[in-house]
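**Student:** Contents of target39.txt (compact mmCIF, C-alpha atoms) are given next:
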```txt
# COMPACT_ATOMS: atom_id res chain seq x y z
CA MET A 1212 -22.53 148.26 254.80
CA LYS A 1213 -20.37 149.65 257.59
CA ASN A 1214 -20.30 153.42 258.02
CA PHE A 1215 -16.54 153.70 258.71
CA PHE A 1216 -16.60 157.46 259.30
CA ASN A 1217 -19.92 157.85 261.12
CA PHE A 1218 -21.35 160.06 258.42
CA ASP A 1219 -24.70 161.65 259.18
CA GLU A 1220 -27.43 159.79 257.25
CA LYS A 1221 -28.62 163.09 255.79
CA LEU A 1222 -25.11 163.76 254.46
CA ILE A 1223 -24.96 160.30 252.88
CA LYS A 1224 -28.23 160.97 251.03
CA LEU A 1225 -27.05 164.45 249.99
CA ALA A 1226 -23.79 162.96 248.68
CA GLU A 1227 -25.74 160.39 246.67
CA LYS A 1228 -27.79 163.19 245.13
CA ALA A 1229 -24.66 165.20 244.34
CA GLU A 1230 -23.05 162.19 242.67
CA GLN A 1231 -26.15 161.51 240.57
CA LEU A 1232 -26.13 165.12 239.36
CA CYS A 1233 -22.50 164.85 238.23
CA ASP A 1234 -21.76 163.59 234.73
CA PHE A 1235 -18.37 161.87 234.73
CA LYS A 1236 -18.59 160.48 231.18
CA LYS A 1237 -16.80 163.42 229.56
CA THR A 1238 -13.97 163.22 232.09
CA GLU A 1239 -13.56 159.47 231.61
CA LYS A 1240 -13.58 159.80 227.81
CA ASN A 1241 -10.92 162.51 228.02
CA ALA A 1242 -8.79 160.29 230.28
CA GLU A 1243 -9.03 157.45 227.77
CA TYR A 1244 -7.85 159.73 224.93
CA ASN A 1245 -4.96 161.14 226.95
CA GLY A 1246 -4.04 157.67 228.17
CA GLN A 1247 -3.76 156.45 224.60
CA LYS A 1248 -1.68 159.51 223.72
CA VAL A 1249 0.78 158.78 226.52
CA LEU A 1250 0.96 155.05 225.71
CA SER A 1251 1.62 155.87 222.06
CA ALA A 1252 4.52 158.16 223.04
CA PHE A 1253 6.01 155.44 225.25
CA ILE A 1254 5.85 152.90 222.43
CA HIS A 1255 7.08 155.28 219.72
CA ASN A 1256 10.11 156.33 221.78
CA ARG A 1257 10.99 152.73 222.69
CA VAL A 1258 10.81 153.04 226.47
CA SER A 1259 12.64 150.04 227.93
CA GLU A 1260 13.82 148.64 231.25
CA GLN A 1261 17.17 150.27 230.57
CA CYS A 1262 15.49 153.68 230.78
CA PHE A 1263 14.77 153.10 234.48
CA TYR A 1264 18.38 152.71 235.58
CA GLY A 1265 19.68 155.79 237.36
CA SER A 1266 22.99 157.47 236.69
CA SER A 1267 25.40 159.20 239.07
CA GLY A 1268 28.08 161.82 238.78
CA TYR A 1269 27.79 163.90 235.63
CA GLY A 1270 25.08 161.69 234.17
CA TYR A 1271 26.60 161.52 230.71
CA GLY A 1272 24.66 159.34 228.27
CA ASP A 1273 21.69 158.74 230.57
CA ILE A 1274 19.31 157.05 228.14
CA GLY A 1275 16.40 157.27 230.56
CA ARG A 1276 16.76 161.04 230.96
CA GLU A 1277 17.02 161.53 227.21
CA THR A 1278 14.07 159.25 226.43
CA LEU A 1279 11.87 160.86 229.07
CA ASP A 1280 12.47 164.26 227.47
CA LYS A 1281 11.38 162.83 224.10
CA VAL A 1282 8.26 161.22 225.56
CA TYR A 1283 7.18 164.45 227.26
CA ALA A 1284 7.80 166.43 224.08
CA GLU A 1285 5.64 164.06 222.05
CA VAL A 1286 2.83 163.96 224.62
CA PHE A 1287 2.71 167.77 224.79
CA GLY A 1288 3.09 168.31 221.04
CA ALA A 1289 6.40 170.11 221.57
CA GLU A 1290 9.78 170.08 219.82
CA ASP A 1291 11.72 169.31 222.98
CA ALA A 1292 11.38 169.01 226.74
CA LEU A 1293 13.49 169.32 229.87
CA VAL A 1294 12.19 166.95 232.57
CA ARG A 1295 14.27 166.81 235.74
CA HIS A 1296 13.89 165.59 239.30
CA ASN A 1297 16.03 168.49 240.53
CA PHE A 1298 13.39 171.10 239.77
CA VAL A 1299 12.34 171.58 243.38
CA SER A 1300 8.90 173.03 242.53
CA GLY A 1301 6.79 174.46 239.76
CA THR A 1302 7.99 177.93 240.75
CA HIS A 1303 11.60 176.79 240.35
CA ALA A 1304 10.87 175.50 236.85
CA LEU A 1305 9.07 178.75 235.96
CA SER A 1306 11.94 180.82 237.35
CA THR A 1307 14.42 178.77 235.34
CA ALA A 1308 12.42 179.37 232.16
CA LEU A 1309 12.10 183.11 232.78
CA PHE A 1310 15.78 183.62 233.55
CA GLY A 1311 16.70 181.32 230.67
CA VAL A 1312 14.79 183.32 228.06
CA LEU A 1313 14.91 186.94 229.31
CA ARG A 1314 17.89 189.30 229.07
CA THR A 1315 18.66 192.80 230.40
CA GLY A 1316 16.36 195.33 228.79
CA ASP A 1317 13.72 192.76 227.88
CA LYS A 1318 10.13 193.06 229.01
CA ILE A 1319 7.72 190.45 230.38
CA VAL A 1320 3.99 191.08 230.29
CA SER A 1321 1.56 188.95 232.28
CA LEU A 1322 -1.58 188.56 230.17
CA THR A 1323 -3.68 187.08 232.97
CA GLY A 1324 -3.39 189.61 235.74
CA LYS A 1325 -1.07 189.45 238.69
CA PRO A 1326 0.89 186.16 238.74
CA TYR A 1327 0.83 183.57 241.51
CA ASP A 1328 2.17 184.69 244.89
CA THR A 1329 5.43 182.72 244.77
CA LEU A 1330 6.47 184.39 241.48
CA GLU A 1331 6.18 187.92 242.82
CA GLU A 1332 9.63 187.87 244.38
CA VAL A 1333 11.10 186.09 241.34
CA ILE A 1334 9.90 188.96 239.16
CA GLY A 1335 10.73 191.63 241.75
CA ILE A 1336 7.29 193.12 242.36
CA ARG A 1337 7.51 192.06 246.01
CA GLY A 1338 10.45 191.66 248.37
CA SER A 1339 13.65 193.65 248.80
CA SER A 1340 15.74 194.84 245.87
CA GLY A 1341 19.16 193.32 245.30
CA ASN A 1342 18.07 189.74 245.89
CA GLY A 1343 18.55 188.63 242.28
CA SER A 1344 15.04 189.08 240.90
CA LEU A 1345 14.34 189.66 237.21
CA MET A 1346 13.96 193.39 237.87
CA ASP A 1347 17.37 193.45 239.56
CA PHE A 1348 18.80 192.29 236.23
CA GLY A 1349 17.12 195.13 234.35
CA ILE A 1350 14.14 193.18 233.07
CA LYS A 1351 10.95 195.19 232.83
CA TYR A 1352 7.57 193.93 233.98
CA ASP A 1353 4.03 194.90 233.04
CA CYS A 1354 0.62 193.37 233.63
CA ALA A 1355 -2.59 193.26 231.63
CA GLU A 1356 -5.27 193.32 234.29
CA LEU A 1357 -8.28 191.08 233.77
CA LYS A 1358 -11.78 192.44 233.36
CA GLU A 1359 -14.07 192.54 236.38
CA ASP A 1360 -15.60 189.22 235.35
CA GLY A 1361 -12.17 187.55 235.34
CA THR A 1362 -11.86 187.31 231.57
CA VAL A 1363 -8.96 188.54 229.45
CA ASP A 1364 -8.97 192.12 228.19
CA PHE A 1365 -7.76 191.65 224.61
CA ASP A 1366 -7.58 195.39 223.91
CA VAL A 1367 -5.16 195.85 226.80
CA ILE A 1368 -3.13 192.80 225.75
CA SER A 1369 -2.75 194.09 222.20
CA GLU A 1370 -1.32 197.36 223.50
CA LYS A 1371 0.98 196.00 226.21
CA VAL A 1372 2.66 193.15 224.30
CA LYS A 1373 3.88 195.25 221.37
CA ASP A 1374 7.39 195.51 222.82
CA ALA A 1375 7.37 192.42 225.06
CA LYS A 1376 9.94 189.63 224.87
CA VAL A 1377 7.77 187.27 226.95
CA ALA A 1378 3.97 187.12 227.01
CA TYR A 1379 3.18 185.19 230.17
CA ILE A 1380 -0.02 183.23 230.79
CA GLN A 1381 -1.03 181.62 234.08
CA ARG A 1382 -3.49 178.86 233.25
CA SER A 1383 -4.68 178.14 236.77
CA ARG A 1384 -6.35 180.72 238.97
CA GLY A 1385 -3.85 180.85 241.83
CA TYR A 1386 -5.41 182.47 244.89
CA SER A 1387 -7.96 184.38 242.84
CA LEU A 1388 -11.63 183.76 242.15
CA ARG A 1389 -11.42 183.94 238.37
CA SER A 1390 -11.89 180.78 236.33
CA ALA A 1391 -8.92 178.78 235.12
CA PHE A 1392 -8.23 179.37 231.45
CA THR A 1393 -9.17 176.62 229.02
CA ILE A 1394 -7.19 175.58 225.95
CA ALA A 1395 -9.63 177.58 223.83
CA ASP A 1396 -8.95 180.67 225.98
CA ILE A 1397 -5.19 180.20 225.67
CA GLU A 1398 -5.46 179.79 221.88
CA GLN A 1399 -7.27 183.13 221.68
CA MET A 1400 -4.55 184.79 223.77
CA CYS A 1401 -1.81 183.33 221.57
CA GLN A 1402 -3.53 184.60 218.43
CA ALA A 1403 -3.93 188.07 219.94
CA VAL A 1404 -0.23 188.23 220.80
CA ARG A 1405 0.88 187.00 217.36
CA LYS A 1406 -1.13 189.72 215.60
CA VAL A 1407 0.84 192.55 217.21
CA ASN A 1408 4.13 190.86 218.17
CA PRO A 1409 4.93 187.73 216.14
CA ASN A 1410 8.32 187.33 217.82
CA ALA A 1411 7.13 187.33 221.42
CA VAL A 1412 7.81 184.18 223.42
CA ILE A 1413 4.47 182.95 224.75
CA MET A 1414 5.10 181.16 228.03
CA VAL A 1415 2.38 179.28 229.95
CA ASP A 1416 2.38 178.25 233.59
CA ASN A 1417 0.64 174.91 232.99
CA CYS A 1418 0.47 173.81 236.64
CA TYR A 1419 -2.76 171.95 237.51
CA GLY A 1420 -3.78 171.93 233.83
CA GLU A 1421 -2.05 168.92 232.29
CA PHE A 1422 -4.43 166.29 230.87
CA VAL A 1423 -7.53 168.21 231.95
CA GLU A 1424 -8.34 168.59 228.25
CA ALA A 1425 -7.33 166.68 225.13
CA SER A 1426 -4.73 169.29 224.07
CA GLU A 1427 -1.99 171.29 225.78
CA PRO A 1428 -1.05 174.98 225.26
CA THR A 1429 1.94 174.05 223.08
CA GLN A 1430 -0.55 172.65 220.57
CA VAL A 1431 -2.43 175.94 220.20
CA GLY A 1432 0.39 178.47 219.86
CA ALA A 1433 2.37 178.60 223.13
CA ASP A 1434 6.17 178.49 222.80
CA LEU A 1435 6.85 177.08 226.27
CA ILE A 1436 4.83 175.33 228.96
CA ILE A 1437 6.09 174.70 232.47
CA GLY A 1438 4.79 172.54 235.29
CA SER A 1439 5.47 170.50 238.42
CA LEU A 1440 5.71 166.72 238.70
CA ILE A 1441 4.02 166.67 242.10
CA LYS A 1442 0.88 167.95 240.42
CA ASN A 1443 -0.92 166.39 237.44
CA ALA A 1444 2.02 165.33 235.29
CA GLY A 1445 3.68 163.19 237.97
CA GLY A 1446 0.61 161.02 238.48
CA ALA A 1447 1.14 160.92 242.29
CA ILE A 1448 4.16 158.67 241.73
CA ALA A 1449 6.99 161.10 240.91
CA LYS A 1450 8.57 162.14 244.21
CA THR A 1451 9.69 165.57 243.00
CA GLY A 1452 10.60 167.44 239.84
CA GLY A 1453 9.26 169.59 237.06
CA TYR A 1454 9.30 170.06 233.31
CA ILE A 1455 9.73 172.68 230.60
CA ALA A 1456 8.49 171.82 227.10
CA GLY A 1457 8.21 173.70 223.83
CA ARG A 1458 10.44 175.17 221.14
CA ARG A 1459 13.81 173.43 220.94
CA ASP A 1460 15.89 176.63 220.99
CA LEU A 1461 14.07 177.94 224.05
CA VAL A 1462 14.29 174.64 225.92
CA GLU A 1463 18.04 174.71 225.29
CA LEU A 1464 18.30 178.20 226.79
CA CYS A 1465 16.37 176.99 229.83
CA SER A 1466 18.70 174.01 230.20
CA TYR A 1467 21.67 176.40 230.24
CA ARG A 1468 20.06 178.18 233.18
CA LEU A 1469 19.37 174.93 235.04
CA THR A 1470 22.93 173.60 234.62
CA CYS A 1471 25.40 175.88 232.80
CA VAL A 1472 26.03 177.36 229.39
CA GLY A 1473 27.56 174.82 227.03
CA MET A 1474 26.44 171.77 229.00
CA GLY A 1475 22.68 172.21 229.28
CA LYS A 1476 20.72 168.97 228.86
CA GLU A 1477 23.78 166.78 228.37
CA VAL A 1478 24.56 166.55 232.09
CA GLY A 1479 22.64 165.80 235.24
CA CYS A 1480 22.49 162.41 236.92
CA THR A 1481 19.06 160.94 237.59
CA LEU A 1482 19.79 159.14 240.87
CA SER A 1483 17.27 156.32 240.27
CA GLN A 1484 14.36 158.74 239.79
CA ASN A 1485 13.61 157.77 236.18
CA ARG A 1486 11.24 154.91 236.95
CA GLU A 1487 8.98 157.09 239.12
CA MET A 1488 8.90 159.87 236.53
CA PHE A 1489 8.06 157.49 233.68
CA MET A 1490 5.43 155.66 235.70
CA GLY A 1491 3.95 158.91 237.00
CA LEU A 1492 3.47 160.24 233.48
CA PHE A 1493 1.90 156.93 232.42
CA MET A 1494 -0.61 157.14 235.29
CA ALA A 1495 -1.21 160.89 234.96
CA PRO A 1496 -4.29 160.88 232.66
CA ASP A 1497 -6.28 158.57 234.95
CA VAL A 1498 -5.07 160.21 238.16
CA THR A 1499 -5.98 163.63 236.76
CA ALA A 1500 -9.44 162.28 235.87
CA ASN A 1501 -9.92 161.10 239.47
CA ALA A 1502 -8.96 164.57 240.71
CA ILE A 1503 -11.50 166.16 238.34
CA LYS A 1504 -14.25 163.78 239.46
CA THR A 1505 -13.44 164.59 243.10
CA ALA A 1506 -13.51 168.31 242.29
CA ASP A 1507 -16.85 168.07 240.48
CA PHE A 1508 -18.36 166.09 243.34
CA ALA A 1509 -17.15 168.68 245.87
CA SER A 1510 -18.56 171.51 243.78
CA MET A 1511 -21.94 169.81 243.51
CA LEU A 1512 -22.15 168.76 247.18
CA PHE A 1513 -21.23 172.16 248.57
CA SER A 1514 -23.49 173.92 246.09
CA LEU A 1515 -26.35 171.82 247.50
CA LEU A 1516 -25.24 172.97 250.95
CA GLY A 1517 -25.67 176.59 249.85
CA PHE A 1518 -22.07 177.61 249.18
CA GLU A 1519 -20.80 179.31 246.03
CA CYS A 1520 -18.40 177.01 244.17
CA SER A 1521 -16.33 177.49 241.05
CA PRO A 1522 -16.30 175.94 238.55
CA SER A 1523 -19.62 174.17 238.55
CA PRO A 1524 -19.64 170.60 237.22
CA GLU A 1525 -21.35 171.85 234.05
CA GLU A 1526 -18.52 174.27 233.15
CA THR A 1527 -15.50 173.39 231.00
CA ARG A 1528 -12.53 173.04 233.30
CA GLY A 1529 -9.09 174.52 232.73
CA ASP A 1530 -7.54 172.84 235.77
CA ILE A 1531 -8.27 170.42 238.64
CA ILE A 1532 -9.03 173.09 241.25
CA THR A 1533 -12.38 173.89 242.83
CA VAL A 1534 -12.86 177.05 244.84
CA LEU A 1535 -15.37 176.95 247.68
CA LYS A 1536 -16.33 180.36 249.06
CA LEU A 1537 -16.93 179.55 252.72
CA GLY A 1538 -17.28 183.10 254.01
CA ASN A 1539 -15.55 183.14 257.40
CA PRO A 1540 -12.39 181.77 259.07
CA GLU A 1541 -14.32 179.28 261.22
CA LEU A 1542 -15.88 177.53 258.22
CA LEU A 1543 -12.60 177.63 256.30
CA THR A 1544 -10.66 176.11 259.18
CA ALA A 1545 -13.30 173.41 259.73
CA PHE A 1546 -13.28 172.51 256.04
CA CYS A 1547 -9.48 172.12 256.00
CA CYS A 1548 -9.55 170.06 259.19
CA GLY A 1549 -12.12 167.74 257.62
CA ILE A 1550 -10.04 167.30 254.47
CA GLN A 1551 -7.04 166.48 256.67
CA LYS A 1552 -9.07 163.84 258.53
CA GLY A 1553 -9.65 162.12 255.19
CA ALA A 1554 -5.96 161.88 254.35
CA PRO A 1555 -4.22 158.49 254.22
CA VAL A 1556 -1.14 160.12 255.80
CA ASP A 1557 -1.12 162.43 258.86
CA SER A 1558 -4.90 162.28 259.25
CA PHE A 1559 -4.46 163.03 262.97
CA ILE A 1560 -2.83 166.41 262.34
CA THR A 1561 -4.83 169.60 262.94
CA PRO A 1562 -4.11 172.21 260.25
CA GLU A 1563 -3.24 175.70 261.45
CA ALA A 1564 -2.58 178.88 259.50
CA TRP A 1565 1.12 179.83 259.33
CA ASP A 1566 3.54 182.19 257.58
CA MET A 1567 4.34 180.01 254.56
CA PRO A 1568 7.49 181.01 252.57
CA GLY A 1569 6.65 182.96 249.41
CA TYR A 1570 3.22 184.16 250.53
CA ASP A 1571 2.19 187.57 251.88
CA SER A 1572 -0.46 186.35 254.34
CA LYS A 1573 -0.93 183.37 256.64
CA VAL A 1574 -1.91 180.19 254.79
CA ILE A 1575 -3.83 177.20 256.10
CA MET A 1576 -3.18 173.94 254.33
CA ALA A 1577 -4.66 170.45 254.58
CA ALA A 1578 -2.34 167.99 252.90
CA GLY A 1579 -1.88 164.46 254.16
CA ALA A 1580 0.00 163.07 251.20
CA PHE A 1581 2.39 160.24 250.34
CA THR A 1582 4.61 162.91 248.78
CA MET A 1583 4.94 166.09 250.84
CA GLY A 1584 3.09 168.97 249.19
CA ALA A 1585 1.83 166.87 246.26
CA SER A 1586 -1.31 168.73 245.29
CA ILE A 1587 -2.42 166.02 242.88
CA GLU A 1588 -3.26 164.21 246.12
CA LEU A 1589 -6.37 165.49 247.89
CA SER A 1590 -5.50 168.77 249.54
CA ALA A 1591 -6.91 172.18 250.30
CA ASP A 1592 -5.24 175.45 251.07
CA ALA A 1593 -6.17 179.08 251.48
CA PRO A 1594 -4.79 182.43 252.57
CA MET A 1595 -6.53 183.58 255.73
CA ARG A 1596 -8.13 186.62 254.16
CA GLU A 1597 -11.40 187.62 252.51
CA PRO A 1598 -13.41 185.94 251.06
CA PHE A 1599 -12.16 182.98 253.17
CA ALA A 1600 -12.33 180.59 250.24
CA ALA A 1601 -10.73 177.15 250.06
CA TRP A 1602 -8.82 176.11 246.97
CA MET A 1603 -9.26 172.34 246.82
CA GLN A 1604 -7.42 170.04 244.43
CA GLY A 1605 -6.37 166.45 243.92
CA GLY A 1606 -7.69 163.02 244.71
CA ILE A 1607 -5.64 160.15 243.29
CA THR A 1608 -8.63 157.82 243.64
CA TYR A 1609 -12.19 159.02 243.34
CA SER A 1610 -13.44 156.92 246.26
CA SER A 1611 -10.92 158.39 248.71
CA GLY A 1612 -11.40 161.89 247.30
CA LYS A 1613 -15.17 161.67 247.72
CA THR A 1614 -14.71 160.46 251.30
CA GLY A 1615 -12.39 163.37 252.10
CA VAL A 1616 -14.91 165.88 250.76
CA MET A 1617 -17.69 164.31 252.84
CA LEU A 1618 -15.48 164.44 255.94
CA ALA A 1619 -14.98 168.16 255.35
CA ALA A 1620 -18.75 168.67 255.31
CA GLN A 1621 -19.19 166.45 258.37
CA GLU A 1622 -16.55 168.39 260.31
CA MET A 1623 -18.33 171.66 259.58
CA ALA A 1624 -21.59 170.12 260.84
CA ASN A 1625 -19.92 168.64 263.94
CA ARG A 1626 -18.76 172.15 264.87
CA GLY A 1627 -22.31 173.45 264.52
CA LEU A 1628 -21.45 175.63 261.53
CA ILE A 1629 -23.80 174.00 259.00
CA SER A 1630 -26.72 171.58 259.03
CA PHE A 1631 -27.88 168.97 256.52
```
Since I need it in another form, could you write the structure as structure tokens?
**Tutor:**
Amino acid sequence: MKNFFNFDEKLIKLAEKAEQLCDFKKTEKNAEYNGQKVLSAFIHNRVSEQCFYGSSGYGYGDIGRETLDKVYAEVFGAEDALVRHNFVSGTHALSTALFGVLRTGDKIVSLTGKPYDTLEEVIGIRGSSGNGSLMDFGIKYDCAELKEDGTVDFDVISEKVKDAKVAYIQRSRGYSLRSAFTIADIEQMCQAVRKVNPNAVIMVDNCYGEFVEASEPTQVGADLIIGSLIKNAGGAIAKTGGYIAGRRDLVELCSYRLTCVGMGKEVGCTLSQNREMFMGLFMAPDVTANAIKTADFASMLFSLLGFECSPSPEETRGDIITVLKLGNPELLTAFCCGIQKGAPVDSFITPEAWDMPGYDSKVIMAAGAFTMGASIELSADAPMREPFAAWMQGGITYSSGKTGVMLAAQEMANRGLISF
């Protein structure tokens, strides 16, 4: 067979060994279960061709928009959902939920340590005052730091959430080295909060976590989950958007923040985006499984090459991300350049670190995607700081994802940084 990418024969053999050591059966079984769950929700909510027609103007009576909300709610085991193409990012959806639920004098407590970089200015813990952050509106913030091993400190949580309006959980690791939290972890956190503050709103940043397991946080005690459609839930087909799902009264408050009080979910034209959002959700379980298989392969291959990777293929995953601790900027840059060379789009681009909006240090990003910034497609990014680790995610097909990972290793070898 033709070696299209001129892979070193030693790398090919190492990749074969890595693949043999990976067990994809659990991932494939989980994808089958989640696929049936999604199909059942489509059938139960009578998805039809009419749902794909877009509306304009105010968007009154958009049956596709209303049906999509119902399908998402059923899939996630929630009372209601708000799924919209005009959420510009996961951070936008999270910000909408926070401003929708919190009021002056309320308190938000992050149960999982410092939140993701792009939320720091939303909360007000970074950036100038007076820019409209939560803290500018008199909302208090506190944080339950994680233990040294990256696990939750339940004693600290129990103390800090006593007077909290929102108990906030970030499922994925962000730019940290701790493990992503599993559904079992999130259930424990929810139970801990309920013991001391039954009325707290438990809100979960679900980005990168959808369909990784058989259940979602709303099925184990969370009141709201929020995510992006250019990650797992959009199945690499949705062009943009996000979702909020959970308790009906809270989803309504969030809809008032997205549009305006009194109108909420009843307005908002869909501009012919419905078809992509429906189809993306339908494809999401299998696409997410391909991303997990790519991630497990990368973890195994680079572990064989002597690098520390997290999680290992044997661990239970909470998201689709694999962290590869590469150790220095040269290895990190080479890895990202190799991932870029394996992209179907913009493979000829050379990634360079830059001052990305919302981040406090330069970020290098490899992302040659059909949808700009879609991190369900194979991508890797990292802040250019210690420990010079790459956060890799995505892979809409396993074969292309595997090839991209091998190209990253080959690029590092071509630069004389590693040997096989």
**Student:** Between CA of Asp1353 in chain A and CA of Asp1396 in chain A, what is the distance in Å, rounded to a tenth?
**Tutor:**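 Distance reported for this atom pair: 20.5 Å.
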**Student:** For a test of reading the model, state the distance in Å between CA of Asp1273 in chain A and CA of Ala1308 in chain A, rounded to one decimal.
**Tutor:** 22.7 Å
**Student:** Measuring atom to atom with all atoms listed in the file, identify which of A:Gly1529, A:Gly1627, A:Gly1612, A:Gly1316 is nearest to Arg1389 in chain A.
**Tutor:** A:Gly1529
**Student:** Given only C-alpha atoms as the basis, pick out the residue of A:Ser1369, A:Asn1539, A:Thr1238, A:Ser1306 nearest to Ala1403 in chain A.
**Tutor:**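 Of A:Ser1369, A:Asn1539, A:Thr1238, A:Ser1306, the one nearest Ala1403 in chain A, counting only C-alpha atoms, is A:Ser1369.
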**Student:** So what do you get for CA of Ala1242 in chain A versus CA of Tyr1379 in chain A, distance-wise?
**Tutor:**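 Between CA of Ala1242 in chain A and CA of Tyr1379 in chain A the gap works out to 27.6 Å.
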**Student:** Report as CSV the residues of range 1392-1471 of chain A within 12 Å of range 1486-1496 of chain A, each with its shortest atom pair and distance in Å (one decimal), using only C-alpha atoms, ordered by chain and increasing residue number.
**Tutor:**
```
residue,atom,partner,partner_atom,distance
A:Tyr1419,CA,A:Ala1495,CA,11.5
A:Gly1420,CA,A:Pro1496,CA,11.1
A:Glu1421,CA,A:Pro1496,CA,8.4
A:Phe1422,CA,A:Pro1496,CA,5.7
A:Val1423,CA,A:Pro1496,CA,8.0
A:Glu1424,CA,A:Pro1496,CA,9.8
A:Ala1425,CA,A:Pro1496,CA,10.0
A:Ser1439,CA,A:Met1488,CA,11.3
A:Leu1440,CA,A:Met1488,CA,7.9
A:Ile1441,CA,A:Gly1491,CA,9.3
A:Lys1442,CA,A:Ala1495,CA,9.2
A:Asn1443,CA,A:Ala1495,CA,6.0
A:Ala1444,CA,A:Ala1495,CA,5.5
A:Gly1445,CA,A:Gly1491,CA,4.4
A:Gly1446,CA,A:Ala1495,CA,4.0
A:Ala1447,CA,A:Gly1491,CA,6.3
A:Ile1448,CA,A:Gly1491,CA,4.7
A:Ala1449,CA,A:Glu1487,CA,4.8
A:Lys1450,CA,A:Glu1487,CA,7.2
A:Thr1451,CA,A:Met1488,CA,8.7
A:Gly1452,CA,A:Met1488,CA,8.4
A:Gly1453,CA,A:Met1488,CA,9.7
A:Tyr1454,CA,A:Met1488,CA,10.7
```
**Student:** Would you put the residues from that selection into a file with C-alpha atoms, as a tab-separated table (two decimals), in the coordinates of the input?
**Tutor:**
```
chain	number	residue	atom	x	y	z
A	1419	TYR	CA	-2.76	171.95	237.51
A	1420	GLY	CA	-3.78	171.93	233.83
A	1421	GLU	CA	-2.05	168.92	232.29
A	1422	PHE	CA	-4.43	166.29	230.87
A	1423	VAL	CA	-7.53	168.21	231.95
A	1424	GLU	CA	-8.34	168.59	228.25
A	1425	ALA	CA	-7.33	166.68	225.13
A	1439	SER	CA	5.47	170.50	238.42
A	1440	LEU	CA	5.71	166.72	238.70
A	1441	ILE	CA	4.02	166.67	242.10
A	1442	LYS	CA	0.88	167.95	240.42
A	1443	ASN	CA	-0.92	166.39	237.44
A	1444	ALA	CA	2.02	165.33	235.29
A	1445	GLY	CA	3.68	163.19	237.97
A	1446	GLY	CA	0.61	161.02	238.48
A	1447	ALA	CA	1.14	160.92	242.29
A	1448	ILE	CA	4.16	158.67	241.73
A	1449	ALA	CA	6.99	161.10	240.91
A	1450	LYS	CA	8.57	162.14	244.21
A	1451	THR	CA	9.69	165.57	243.00
A	1452	GLY	CA	10.60	167.44	239.84
A	1453	GLY	CA	9.26	169.59	237.06
A	1454	TYR	CA	9.30	170.06	233.31
```
**Student:** Applying 8 Å and all atoms listed in the file, which residues near range 1276-1284 of chain A remain after dropping the ones on its own chain fewer than 6 positions away? List them as a ChimeraX atom specification.
**Tutor:** /A:1249,1252-1253,1256,1258,1262,1290-1295,1456-1457,1481,1485,1489
**Student:** Compare A:Arg1596, A:Ser1426, A:Ser1483, A:Leu1543 by their minimum atom-to-atom distance to Ala1289 in chain A, counting all atoms listed in the file, and give me the closest one.
**Tutor:**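 Of the candidates, the smallest distance to Ala1289 in chain A is held by A:Ser1426.
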**Student:** Nearest to Asp1497 in chain A: which of A:Gly1288, A:Gly1246, A:Gly1301, A:Gly1343 is it, counting all atoms listed in the file?
**Tutor:**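 Of A:Gly1288, A:Gly1246, A:Gly1301, A:Gly1343, the one nearest Asp1497 in chain A is A:Gly1246, counting all atoms listed in the file.
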**Student:** Could you rebuild range 1337-1346 of chain A with N, CA and C atoms and give me the result as a CSV table (one decimal), keeping the file's coordinate frame?
**Tutor:**
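Contents of rebuild34.csv, freshly written:
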```csv
chain,number,residue,atom,x,y,z
A,1337,ARG,N,7.6,192.1,244.6
A,1337,ARG,CA,7.5,192.1,246.0
A,1337,ARG,C,8.8,191.6,246.5
A,1338,GLY,N,9.2,192.0,247.8
A,1338,GLY,CA,10.4,191.7,248.4
A,1338,GLY,C,11.5,192.8,248.2
A,1339,SER,N,12.6,192.6,248.8
A,1339,SER,CA,13.6,193.6,248.8
A,1339,SER,C,14.4,193.6,247.5
A,1340,SER,N,14.9,194.8,247.1
A,1340,SER,CA,15.7,194.8,245.9
A,1340,SER,C,17.1,194.3,246.2
A,1341,GLY,N,17.8,193.9,245.1
A,1341,GLY,CA,19.2,193.3,245.3
A,1341,GLY,C,19.2,191.8,245.6
A,1342,ASN,N,18.1,191.2,245.6
A,1342,ASN,CA,18.1,189.7,245.9
A,1342,ASN,C,18.2,188.8,244.7
A,1343,GLY,N,18.4,189.4,243.5
A,1343,GLY,CA,18.6,188.6,242.3
A,1343,GLY,C,17.3,188.4,241.5
A,1344,SER,N,16.3,189.2,241.7
A,1344,SER,CA,15.0,189.1,240.9
A,1344,SER,C,15.3,189.5,239.4
A,1345,LEU,N,14.3,189.2,238.6
A,1345,LEU,CA,14.3,189.7,237.2
A,1345,LEU,C,14.5,191.2,237.1
A,1346,MET,N,13.8,191.9,237.9
A,1346,MET,CA,14.0,193.4,237.9
A,1346,MET,C,15.3,193.9,238.3
```
